[in-house]
file final.pdb (PDB, C-alpha atoms)
ATOM      1  CA  MET A   1     117.084 158.393  59.755  1.00  0.00           C
ATOM      2  CA  SER A   2     116.014 159.154  56.205  1.00  0.00           C
ATOM      3  CA  PRO A   3     113.498 157.069  54.243  1.00  0.00           C
ATOM      4  CA  VAL A   4     116.292 156.106  51.827  1.00  0.00           C
ATOM      5  CA  LYS A   5     118.342 154.501  54.588  1.00  0.00           C
ATOM      6  CA  ILE A   6     115.311 152.750  56.031  1.00  0.00           C
ATOM      7  CA  VAL A   7     114.407 151.195  52.678  1.00  0.00           C
ATOM      8  CA  ARG A   8     118.011 150.125  52.031  1.00  0.00           C
ATOM      9  CA  ILE A   9     118.318 148.540  55.483  1.00  0.00           C
ATOM     10  CA  LEU A  10     114.986 146.777  54.969  1.00  0.00           C
ATOM     11  CA  GLY A  11     116.274 145.482  51.632  1.00  0.00           C
ATOM     12  CA  LEU A  12     119.430 144.085  53.210  1.00  0.00           C
ATOM     13  CA  ILE A  13     117.415 142.442  55.990  1.00  0.00           C
ATOM     14  CA  LEU A  14     115.174 140.813  53.392  1.00  0.00           C
ATOM     15  CA  VAL A  15     118.232 139.610  51.461  1.00  0.00           C
ATOM     16  CA  LEU A  16     119.591 137.970  54.609  1.00  0.00           C
ATOM     17  CA  VAL A  17     116.226 136.394  55.407  1.00  0.00           C
ATOM     18  CA  ALA A  18     116.004 135.069  51.846  1.00  0.00           C
ATOM     19  CA  ALA A  19     119.529 133.652  52.105  1.00  0.00           C
ATOM     20  CA  PHE A  20     119.165 131.930  55.461  1.00  0.00           C
ATOM     21  CA  ALA A  21     115.432 131.097  55.442  1.00  0.00           C
ATOM     22  CA  PRO A  22     114.400 130.768  51.787  1.00  0.00           C
ATOM     23  CA  THR A  23     111.125 129.033  52.650  1.00  0.00           C
ATOM     24  CA  VAL A  24     109.622 132.183  54.176  1.00  0.00           C
ATOM     25  CA  PRO A  25     106.405 132.798  52.239  1.00  0.00           C
ATOM     26  CA  TYR A  26     106.460 135.692  49.774  1.00  0.00           C
ATOM     27  CA  ILE A  27     110.094 136.614  50.479  1.00  0.00           C
ATOM     28  CA  ALA A  28     110.763 136.969  46.737  1.00  0.00           C
ATOM     29  CA  LEU A  29     107.748 139.267  46.376  1.00  0.00           C
ATOM     30  CA  ALA A  30     108.950 141.371  49.309  1.00  0.00           C
ATOM     31  CA  LEU A  31     112.419 141.618  47.721  1.00  0.00           C
ATOM     32  CA  ALA A  32     110.884 142.743  44.439  1.00  0.00           C
ATOM     33  CA  ILE A  33     108.669 145.395  46.046  1.00  0.00           C
ATOM     34  CA  VAL A  34     111.456 146.815  48.199  1.00  0.00           C
ATOM     35  CA  GLY A  35     113.764 146.725  45.167  1.00  0.00           C
ATOM     36  CA  LEU A  36     111.282 148.774  43.167  1.00  0.00           C
ATOM     37  CA  VAL A  37     111.193 151.354  45.959  1.00  0.00           C
ATOM     38  CA  ILE A  38     114.997 151.409  46.234  1.00  0.00           C
ATOM     39  CA  GLY A  39     115.196 152.146  42.517  1.00  0.00           C
ATOM     40  CA  TYR A  40     113.146 155.282  43.040  1.00  0.00           C
ATOM     41  CA  PHE A  41     115.811 156.701  45.355  1.00  0.00           C
ATOM     42  CA  VAL A  42     118.828 156.045  43.104  1.00  0.00           C
ATOM     43  CA  GLU A  43     120.492 159.320  42.151  1.00  0.00           C
ATOM     44  CA  ALA A  44     121.058 159.992  38.442  1.00  0.00           C
ATOM     45  CA  GLU A  45     124.847 159.802  38.716  1.00  0.00           C
ATOM     46  CA  LYS A  46     124.681 156.383  40.420  1.00  0.00           C
ATOM     47  CA  ARG A  47     122.384 154.748  37.865  1.00  0.00           C
ATOM     48  CA  PRO A  48     125.171 153.339  35.657  1.00  0.00           C
ATOM     49  CA  VAL A  49     126.804 151.706  38.691  1.00  0.00           C
ATOM     50  CA  LEU A  50     123.510 150.081  39.673  1.00  0.00           C
ATOM     51  CA  LEU A  51     122.948 148.735  36.173  1.00  0.00           C
ATOM     52  CA  LEU A  52     126.507 147.389  36.034  1.00  0.00           C
ATOM     53  CA  MET A  53     126.045 145.669  39.402  1.00  0.00           C
ATOM     54  CA  VAL A  54     122.843 144.039  38.155  1.00  0.00           C
ATOM     55  CA  ILE A  55     124.603 142.743  35.056  1.00  0.00           C
ATOM     56  CA  ALA A  56     127.510 141.384  37.087  1.00  0.00           C
ATOM     57  CA  LEU A  57     125.400 139.750  39.798  1.00  0.00           C
ATOM     58  CA  THR A  58     122.947 138.135  37.415  1.00  0.00           C
ATOM     59  CA  THR A  59     125.524 136.758  34.978  1.00  0.00           C
ATOM     60  CA  GLY A  60     127.498 134.567  37.332  1.00  0.00           C
ATOM     61  CA  VAL A  61     129.507 136.670  39.748  1.00  0.00           C
ATOM     62  CA  ALA A  62     127.144 135.692  42.556  1.00  0.00           C
ATOM     63  CA  GLY A  63     128.096 132.031  42.225  1.00  0.00           C
ATOM     64  CA  ALA A  64     131.840 132.562  41.988  1.00  0.00           C
ATOM     65  CA  LEU A  65     132.446 131.905  45.678  1.00  0.00           C
ATOM     66  CA  GLY A  66     130.109 128.940  45.926  1.00  0.00           C
ATOM     67  CA  VAL A  67     133.016 126.488  46.043  1.00  0.00           C
ATOM     68  CA  ILE A  68     134.240 127.739  49.426  1.00  0.00           C
ATOM     69  CA  PRO A  69     133.507 125.017  51.986  1.00  0.00           C
ATOM     70  CA  VAL A  70     130.769 125.681  54.547  1.00  0.00           C
ATOM     71  CA  VAL A  71     130.134 129.384  53.789  1.00  0.00           C
ATOM     72  CA  GLY A  72     130.175 129.386  49.985  1.00  0.00           C
ATOM     73  CA  MET A  73     126.516 128.514  49.595  1.00  0.00           C
ATOM     74  CA  TYR A  74     125.518 131.309  51.980  1.00  0.00           C
ATOM     75  CA  ILE A  75     127.691 133.868  50.195  1.00  0.00           C
ATOM     76  CA  THR A  76     126.139 132.783  46.902  1.00  0.00           C
ATOM     77  CA  ALA A  77     122.637 133.072  48.356  1.00  0.00           C
ATOM     78  CA  ILE A  78     123.343 136.547  49.733  1.00  0.00           C
ATOM     79  CA  LEU A  79     124.837 137.796  46.460  1.00  0.00           C
ATOM     80  CA  SER A  80     121.952 136.259  44.504  1.00  0.00           C
ATOM     81  CA  GLY A  81     119.487 138.017  46.807  1.00  0.00           C
ATOM     82  CA  ILE A  82     121.278 141.315  46.296  1.00  0.00           C
ATOM     83  CA  GLY A  83     121.116 140.654  42.553  1.00  0.00           C
ATOM     84  CA  ALA A  84     117.359 140.098  42.759  1.00  0.00           C
ATOM     85  CA  LEU A  85     116.878 143.224  44.872  1.00  0.00           C
ATOM     86  CA  LEU A  86     118.942 145.358  42.515  1.00  0.00           C
ATOM     87  CA  SER A  87     117.261 143.867  39.443  1.00  0.00           C
ATOM     88  CA  ALA A  88     113.944 145.149  40.731  1.00  0.00           C
ATOM     89  CA  ALA A  89     115.572 148.510  41.476  1.00  0.00           C
ATOM     90  CA  ALA A  90     116.870 148.566  37.897  1.00  0.00           C
ATOM     91  CA  VAL A  91     113.302 148.269  36.612  1.00  0.00           C
ATOM     92  CA  THR A  92     112.386 151.473  38.437  1.00  0.00           C
ATOM     93  CA  VAL A  93     115.584 153.178  37.257  1.00  0.00           C
ATOM     94  CA  ILE A  94     114.866 152.247  33.644  1.00  0.00           C
ATOM     95  CA  ALA A  95     111.271 153.440  33.930  1.00  0.00           C
ATOM     96  CA  THR A  96     112.512 156.701  35.438  1.00  0.00           C
ATOM     97  CA  ILE A  97     115.017 157.193  32.622  1.00  0.00           C
ATOM     98  CA  VAL A  98     112.318 156.566  30.005  1.00  0.00           C
ATOM     99  CA  TYR A  99     109.985 159.014  31.764  1.00  0.00           C
ATOM    100  CA  GLU A 100     112.717 161.658  31.927  1.00  0.00           C
ATOM    101  CA  ARG A 101     113.492 161.229  28.219  1.00  0.00           C
ATOM    102  CA  ILE A 102     109.853 161.534  27.244  1.00  0.00           C
ATOM    103  CA  THR A 103     109.240 164.653  29.327  1.00  0.00           C
ATOM    104  CA  GLU A 104     112.375 166.545  28.234  1.00  0.00           C
TER
END
call {"tool": "encode", "arguments": {"input": "final.pdb", "output": "structure tokens"}}
result
Amino acid sequence: MSPVKIVRILGLILVLVAAFAPTVPYIALALAIVGLVIGYFVEAEKRPVLLLMVIALTTGVAGALGVIPVVGMYITAILSGIGALLSAAAVTVIATIVYERITE
């Protein structure tokens, strides 16, 4: 198994932990750190998709299914966690793009 897959699986596990047990200490910090690492592994051709997903998830899409009885709040928590994870990844992607532009 490649390091990329391991980091992505770890990120998804952290998202689920954050959704179902939000009181775990430092879960948000762990999401941010793993997100930063995930951003390092994003291929150049997939960067626009990542940035679009961050915009969508952080501007309200995550809460769209919150009205579904029983499971809506969990779906919202999972999508919000993915948004947080990908937001941190976007920071690394943006830093990488800036670095690439400077060193051209």
call {"tool": "residues_around", "arguments": {"input": "final.pdb", "residues": "region 38-40 of chain A", "least_positions_apart": "3", "cutoff": "7 Å", "atoms": "all atoms listed in the file", "output": "PyMOL selection string"}}
result
chain A and resi 7-8+34-35+89-90+92-93
call {"tool": "atom_distance", "arguments": {"input": "final.pdb", "atom1": "CA of Val54 (chain A)", "atom2": "CA of Gly81 (chain A)"}}
result
11.1 Å
call {"tool": "resolve_selection", "arguments": {"input": "final.pdb", "expression": "the PyMOL selection byres ((chain A and resi 95-97) around 12)", "output": "PyMOL selection string"}}
result
chain A and resi 36-37+39-45+47-48+88-94+98-104
call {"tool": "residues_around", "arguments": {"input": "final.pdb", "residues": "region 56-62 of chain A", "least_positions_apart": "5", "cutoff": "8 Å", "atoms": "all atoms listed in the file", "output": "number ranges by chain"}}
result
A: 75-77, 79-80, 82-84
call {"tool": "closest_residue", "arguments": {"input": "final.pdb", "among": "A:Val67, A:Leu51, A:Val4, A:Phe20", "to": "Ser87 (chain A)", "atoms": "all atoms listed in the file"}}
result
A:Leu51
call {"tool": "build_atoms", "arguments": {"input": "final.pdb", "residues": "region 54-84 of chain A", "atoms": "N, CA and C atoms", "output": "tab-separated table (two decimals), keeping the file's coordinate frame"}}
result
chain	number	residue	atom	x	y	z
A	54	VAL	N	123.88	145.00	38.52
A	54	VAL	CA	122.84	144.04	38.16
A	54	VAL	C	123.37	143.07	37.10
A	55	ILE	N	124.05	143.60	36.10
A	55	ILE	CA	124.60	142.74	35.06
A	55	ILE	C	125.60	141.76	35.65
A	56	ALA	N	126.49	142.25	36.50
A	56	ALA	CA	127.51	141.38	37.09
A	56	ALA	C	126.88	140.31	37.98
A	57	LEU	N	125.97	140.71	38.85
A	57	LEU	CA	125.40	139.75	39.80
A	57	LEU	C	124.49	138.72	39.15
A	58	THR	N	123.87	139.07	38.05
A	58	THR	CA	122.95	138.14	37.42
A	58	THR	C	123.60	137.29	36.34
A	59	THR	N	124.86	137.55	36.02
A	59	THR	CA	125.52	136.76	34.98
A	59	THR	C	126.59	135.83	35.53
A	60	GLY	N	126.60	135.59	36.81
A	60	GLY	CA	127.50	134.57	37.33
A	60	GLY	C	128.42	134.97	38.44
A	61	VAL	N	128.61	136.24	38.68
A	61	VAL	CA	129.51	136.67	39.75
A	61	VAL	C	129.01	136.16	41.10
A	62	ALA	N	127.71	136.12	41.27
A	62	ALA	CA	127.14	135.69	42.56
A	62	ALA	C	127.56	134.28	42.93
A	63	GLY	N	127.74	133.41	41.95
A	63	GLY	CA	128.10	132.03	42.22
A	63	GLY	C	129.58	131.75	42.26
A	64	ALA	N	130.40	132.77	42.08
A	64	ALA	CA	131.84	132.56	41.99
A	64	ALA	C	132.45	132.02	43.28
A	65	LEU	N	131.88	132.34	44.40
A	65	LEU	CA	132.45	131.90	45.68
A	65	LEU	C	131.72	130.70	46.25
A	66	GLY	N	130.87	130.08	45.46
A	66	GLY	CA	130.11	128.94	45.93
A	66	GLY	C	130.94	127.72	46.26
A	67	VAL	N	132.17	127.66	45.80
A	67	VAL	CA	133.02	126.49	46.04
A	67	VAL	C	133.71	126.53	47.40
A	68	ILE	N	133.61	127.64	48.10
A	68	ILE	CA	134.24	127.74	49.43
A	68	ILE	C	133.48	126.83	50.38
A	69	PRO	N	134.20	125.93	51.07
A	69	PRO	CA	133.51	125.02	51.99
A	69	PRO	C	132.75	125.77	53.09
A	70	VAL	N	131.65	125.24	53.46
A	70	VAL	CA	130.77	125.68	54.55
A	70	VAL	C	130.06	127.00	54.26
A	71	VAL	N	130.76	128.07	53.94
A	71	VAL	CA	130.13	129.38	53.79
A	71	VAL	C	129.83	129.76	52.35
A	72	GLY	N	130.35	129.03	51.39
A	72	GLY	CA	130.18	129.39	49.98
A	72	GLY	C	128.73	129.46	49.55
A	73	MET	N	127.93	128.50	50.01
A	73	MET	CA	126.52	128.51	49.60
A	73	MET	C	125.77	129.70	50.19
A	74	TYR	N	126.17	130.14	51.37
A	74	TYR	CA	125.52	131.31	51.98
A	74	TYR	C	125.94	132.60	51.28
A	75	ILE	N	127.21	132.70	50.94
A	75	ILE	CA	127.69	133.87	50.20
A	75	ILE	C	126.97	133.96	48.86
A	76	THR	N	126.85	132.82	48.18
A	76	THR	CA	126.14	132.78	46.90
A	76	THR	C	124.68	133.20	47.08
A	77	ALA	N	124.04	132.72	48.12
A	77	ALA	CA	122.64	133.07	48.36
A	77	ALA	C	122.48	134.56	48.65
A	78	ILE	N	123.40	135.11	49.42
A	78	ILE	CA	123.34	136.55	49.73
A	78	ILE	C	123.56	137.38	48.48
A	79	LEU	N	124.58	137.04	47.69
A	79	LEU	CA	124.84	137.80	46.46
A	79	LEU	C	123.71	137.64	45.45
A	80	SER	N	123.10	136.45	45.39
A	80	SER	CA	121.95	136.26	44.50
A	80	SER	C	120.76	137.09	44.97
A	81	GLY	N	120.56	137.18	46.27
A	81	GLY	CA	119.49	138.02	46.81
A	81	GLY	C	119.71	139.49	46.51
A	82	ILE	N	120.96	139.93	46.64
A	82	ILE	CA	121.28	141.32	46.30
A	82	ILE	C	121.03	141.54	44.81
A	83	GLY	N	121.38	140.55	43.99
A	83	GLY	CA	121.12	140.65	42.55
A	83	GLY	C	119.64	140.78	42.25
A	84	ALA	N	118.81	140.01	42.96
A	84	ALA	CA	117.36	140.10	42.76
A	84	ALA	C	116.82	141.45	43.21
